[in-house]
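Chemist: The structure's right below; bear with me while I get my questions together.
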Amino acid sequence: MVRKGQAGTVNGRTEKARTDTGRAAAGGAQGKTRDAFFDNAKYLAIVLVAMGHAWEPLGSGSRTAAALYIAVYAFHMPAFIIISGYFSRSFDMRRDRLQRLITGVAVPYLIFEIAYTFFKRWAGNDPSYPINLLDPWYLTWFLVALFIWRLTAPLWKIVRRPLLLALIIAMMASVTPEIGDDLNLQRVLQFLPFFVLGLNLRPEHFALVRGRWARIAAVPVLGVALLVAYWAAPRMNADWFYHCDSAQELGAPWWSGVVMTLAMFGCSLVLVACFFAWVPGRTMWCTALGAGTLYGYLLHGFLAKGSRFWGWYHQAWLHTAWGEVLLTLFAGTVVTLLCTPPVQRIFRFAVEPKMAWAFRKDPREAARGLG
């Protein structure tokens, strides 16, 4: 995610009433136990997000890095978004859920959009860079998208063939450059089918892709995907994977937007299924970190962008094979640390603010209290 606003139960623990990162990035299932599979999937996906950001500057000089970048970008955000949709199935316009949408998505967007703006002014030596809340910068687009998608969740529950309708909307967006950059709507609309798909999935669908034969089949499929990515690296415009431009803006004929939307949706689904097939379903050392993925997502962006501003990639050793390996390990380690409980406690005021003071008391609760 490097352009125009540029990237997403359970094991005996009872979810607390206040929203956590897993709920902000992947919906909220209060009062239910957490599934280790989804926490593991979110953790692994955020690690891939960080690694992808680390590989991006290496792509021009390393075909291997470019291939890995393309392969990962084909499925890491779709996987996150599908999980977000899956955990948004219960979302409606109930008061408490709207409050959590505001405190867990809208407020963090405002805080981090402003924080990123000041960071760019300082680290990027651009003191006049404006604060524009309608133009998400770098990673914050996902919060805007999640806010819009979740608000529309009740609508997708009442229409027939919701996935087909979402695909039609995505295809129309891909051939409509007039949509512009406000709220990164191109990306919101082009990624919409993955969210709608998640809304319509059930536990048995995830069980289907986690069977023994699915795991076996995933290995050659991933191998072929890497080979195709290696072939495509010098031939394909990677901007297609960001889903933030129309076909015309990418210098392609309008009809290619329709073709690429369908083709990339299909490819992404296959790779997401392969990814889910190999996500462990048991509790592991990293499972608890799945609840902190939004922290890792939002905070690692400062380091990812700072590495460009401060010229870290000008170091020749980073562009060697060992340099690329060490950089990959470094990115995974940093984002892992950013998902840990101590970091969550420090930055909870920004990512998961309580904000009880901002809302009126529920009249029904007040009436019960008086009774």
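In the structure tokens, the first chain shown is A, the next is B, and so on; residue numbers restart at 1 for each chain, and ligands run from 1 in the order shown.
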Which polymer residues have any atom within 7 Å of an atom of A:Ala233, counting only C-alpha atoms, with same-chain residues fewer than 2 positions away left out, as a compact mmCIF listing (two decimals) with C-alpha atoms, in the first residue's frame?

Modeler:
# COMPACT_ATOMS: atom_id res chain seq x y z
CA ARG A 63 12.81 -9.82 -9.11
CA ALA A 66 8.95 -8.12 -6.53
CA ALA A 67 7.45 -11.60 -6.98
CA ALA A 229 4.27 -13.85 -9.74
CA TYR A 230 7.94 -14.26 -10.69
CA TRP A 231 6.98 -14.27 -14.36
CA ARG A 235 5.53 -7.41 -16.91
CA MET A 236 2.59 -6.37 -14.73

Chemist: So that I can check the secondary structure, give me every residue of stretch 128-337 of chain A assigned alpha helix (DSSP H) by backbone DSSP, as a PyMOL selection string.

Modeler: chain A and resi 141-156+162-174+185-190+192-200+203-209+212-232+254-277+293-309+321-337

Chemist: Can you tell me, as a PyMOL selection string, what residues are no more than 12 Å from stretch 152-168 of chain A when counting only C-alpha atoms, ignoring any on the same chain fewer than 5 positions away?

Modeler: chain A and resi 27+84-94+145-147+173-175+188-201+257-266

Chemist: Hey, can you check how far atom CA of A:Leu185 sits from atom CA of A:Val351?

Modeler: 22.8 Å

Chemist: Listing only residues of stretch 243-322 of chain A within 8 Å of stretch 41-51 of chain A, what is the closest atom pair and its distance in Å (to one decimal) for each, using only C-alpha atoms, sorted by chain and residue number ascending, as JSON lines?

Modeler:
{"residue": "A:Phe276", "atom": "CA", "partner": "A:Ala41", "partner_atom": "CA", "distance": 7.1}
{"residue": "A:Val279", "atom": "CA", "partner": "A:Ala41", "partner_atom": "CA", "distance": 5.9}
{"residue": "A:Pro280", "atom": "CA", "partner": "A:Ala41", "partner_atom": "CA", "distance": 8.0}
{"residue": "A:Cys286", "atom": "CA", "partner": "A:Tyr43", "partner_atom": "CA", "distance": 7.1}
{"residue": "A:Thr287", "atom": "CA", "partner": "A:Tyr43", "partner_atom": "CA", "distance": 7.3}
{"residue": "A:Leu289", "atom": "CA", "partner": "A:Tyr43", "partner_atom": "CA", "distance": 6.2}
{"residue": "A:Gly290", "atom": "CA", "partner": "A:Tyr43", "partner_atom": "CA", "distance": 4.7}
{"residue": "A:Thr293", "atom": "CA", "partner": "A:Tyr43", "partner_atom": "CA", "distance": 6.2}
{"residue": "A:Gly296", "atom": "CA", "partner": "A:Ile46", "partner_atom": "CA", "distance": 7.2}
{"residue": "A:Tyr297", "atom": "CA", "partner": "A:Ile46", "partner_atom": "CA", "distance": 6.5}
{"residue": "A:His300", "atom": "CA", "partner": "A:Ala50", "partner_atom": "CA", "distance": 7.3}
{"residue": "A:Ala304", "atom": "CA", "partner": "A:Ala50", "partner_atom": "CA", "distance": 8.0}

Chemist: Excluding stretch 323-329 of chain A and any residue of its chain fewer than 3 positions from it, enumerate the residues within 12 Å of it, using only C-alpha atoms, and give them as a CSV table (one decimal) with N, CA and C atoms, in the first residue's frame.

Modeler:
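So the final result, stored in out_20.csv, reads:
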chain,number,residue,atom,x,y,z
A,47,VAL,N,1.5,-9.9,9.8
A,47,VAL,CA,2.9,-10.1,9.5
A,47,VAL,C,3.2,-9.9,8.0
A,48,LEU,N,2.3,-10.5,7.2
A,48,LEU,CA,2.5,-10.4,5.8
A,48,LEU,C,2.4,-9.0,5.3
A,49,VAL,N,1.5,-8.2,5.9
A,49,VAL,CA,1.3,-6.8,5.5
A,49,VAL,C,2.6,-6.1,5.8
A,50,ALA,N,3.2,-6.3,7.0
A,50,ALA,CA,4.4,-5.6,7.3
A,50,ALA,C,5.6,-6.0,6.4
A,51,MET,N,5.7,-7.3,6.1
A,51,MET,CA,6.7,-7.8,5.2
A,51,MET,C,6.5,-7.2,3.8
A,52,GLY,N,5.3,-7.2,3.3
A,52,GLY,CA,5.0,-6.6,2.0
A,52,GLY,C,5.5,-5.1,1.9
A,53,HIS,N,5.2,-4.4,3.0
A,53,HIS,CA,5.7,-3.0,3.0
A,53,HIS,C,7.2,-2.9,3.0
A,54,ALA,N,7.9,-3.9,3.6
A,54,ALA,CA,9.3,-3.9,3.6
A,54,ALA,C,9.9,-4.3,2.3
A,55,TRP,N,9.2,-5.1,1.5
A,55,TRP,CA,9.7,-5.6,0.2
A,55,TRP,C,9.5,-4.6,-0.9
A,56,GLU,N,8.5,-3.7,-0.7
A,56,GLU,CA,8.1,-2.8,-1.8
A,56,GLU,C,9.3,-2.0,-2.4
A,57,PRO,N,10.1,-1.4,-1.6
A,57,PRO,CA,11.2,-0.6,-2.2
A,57,PRO,C,12.3,-1.5,-2.8
A,58,LEU,N,12.3,-2.8,-2.6
A,58,LEU,CA,13.3,-3.7,-3.1
A,58,LEU,C,12.9,-4.2,-4.5
A,59,GLY,N,11.7,-4.0,-4.9
A,59,GLY,CA,11.1,-4.6,-6.1
A,59,GLY,C,11.8,-4.2,-7.4
A,61,GLY,N,14.9,-3.6,-7.9
A,61,GLY,CA,16.3,-4.2,-8.1
A,61,GLY,C,16.3,-5.7,-7.8
A,62,SER,N,15.2,-6.3,-7.3
A,62,SER,CA,15.2,-7.7,-7.0
A,62,SER,C,13.9,-8.3,-7.6
A,63,ARG,N,14.0,-9.2,-8.5
A,63,ARG,CA,12.8,-9.8,-9.1
A,63,ARG,C,12.2,-10.7,-8.1
A,64,THR,N,13.0,-11.4,-7.2
A,64,THR,CA,12.4,-12.2,-6.2
A,64,THR,C,11.6,-11.4,-5.2
A,65,ALA,N,12.1,-10.3,-4.8
A,65,ALA,CA,11.3,-9.4,-3.9
A,65,ALA,C,10.0,-8.9,-4.5
A,66,ALA,N,10.1,-8.6,-5.8
A,66,ALA,CA,8.9,-8.1,-6.5
A,66,ALA,C,7.9,-9.2,-6.6
A,68,LEU,N,7.5,-11.9,-4.6
A,68,LEU,CA,6.9,-12.1,-3.2
A,68,LEU,C,5.9,-11.0,-2.9
A,69,TYR,N,6.3,-9.8,-3.3
A,69,TYR,CA,5.4,-8.6,-3.1
A,69,TYR,C,4.1,-8.8,-3.8
A,304,ALA,N,7.4,2.1,8.6
A,304,ALA,CA,7.5,1.8,7.1
A,304,ALA,C,7.7,3.1,6.3
A,307,SER,N,11.2,4.7,7.1
A,307,SER,CA,12.3,4.1,6.4
A,307,SER,C,12.6,4.7,5.0
A,312,TRP,N,16.7,4.8,4.5
A,312,TRP,CA,17.3,3.5,4.9
A,312,TRP,C,17.6,2.6,3.8
A,313,TYR,N,16.8,2.7,2.7
A,313,TYR,CA,16.9,1.7,1.6
A,313,TYR,C,18.1,2.2,0.7
A,315,GLN,N,21.0,2.0,1.7
A,315,GLN,CA,22.1,1.1,2.1
A,315,GLN,C,22.3,-0.1,1.2
A,316,ALA,N,23.4,-0.2,0.6
A,316,ALA,CA,23.6,-1.2,-0.4
A,316,ALA,C,23.4,-2.6,0.1
A,317,TRP,N,23.7,-2.9,1.4
A,317,TRP,CA,23.6,-4.3,1.9
A,317,TRP,C,22.2,-4.7,2.0
A,318,LEU,N,21.2,-3.8,2.0
A,318,LEU,CA,19.8,-4.2,2.1
A,318,LEU,C,19.4,-4.8,0.8
A,319,HIS,N,20.1,-4.5,-0.3
A,319,HIS,CA,19.7,-5.0,-1.6
A,319,HIS,C,20.4,-6.3,-2.0
A,320,THR,N,21.1,-6.9,-1.0
A,320,THR,CA,21.6,-8.2,-1.2
A,320,THR,C,20.7,-9.3,-0.7
A,332,GLY,N,8.8,-8.6,10.4
A,332,GLY,CA,8.0,-9.5,11.1
A,332,GLY,C,8.1,-9.4,12.6
A,333,THR,N,9.3,-9.1,13.1
A,333,THR,CA,9.6,-9.0,14.5
A,333,THR,C,9.0,-7.7,15.0
A,334,VAL,N,9.1,-6.6,14.3
A,334,VAL,CA,8.6,-5.3,14.7
A,334,VAL,C,7.1,-5.3,14.8
A,335,VAL,N,6.4,-5.8,13.8
A,335,VAL,CA,5.0,-5.8,13.8
A,335,VAL,C,4.5,-6.8,14.9
A,336,THR,N,5.2,-7.8,15.2
A,336,THR,CA,4.8,-8.7,16.3
A,336,THR,C,4.9,-8.0,17.6

Chemist: Report, in Å to a single decimal, how far apart atom CA of A:Phe119 and atom CA of A:Ala358 are.

Modeler: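 Computing it gives 27.4 Å between the two atoms.
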
Chemist: Quick check, in Å to one decimal: how far apart do atom CA of A:Gln99 and atom CA of A:Thr33 lie?

Modeler: 21.6 Å

Chemist: Skip A:Pro78 itself and residues of its chain fewer than 2 positions away, then list as a list in words all residues within 8 Å of it, counting only C-alpha atoms.

Modeler: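 My list of contacting residues is Gly8, Ala74, Phe75, His76, Phe80, Ile81, Ile82, Phe191, Phe194, Ser268, Leu269 and Val272 of chain A.
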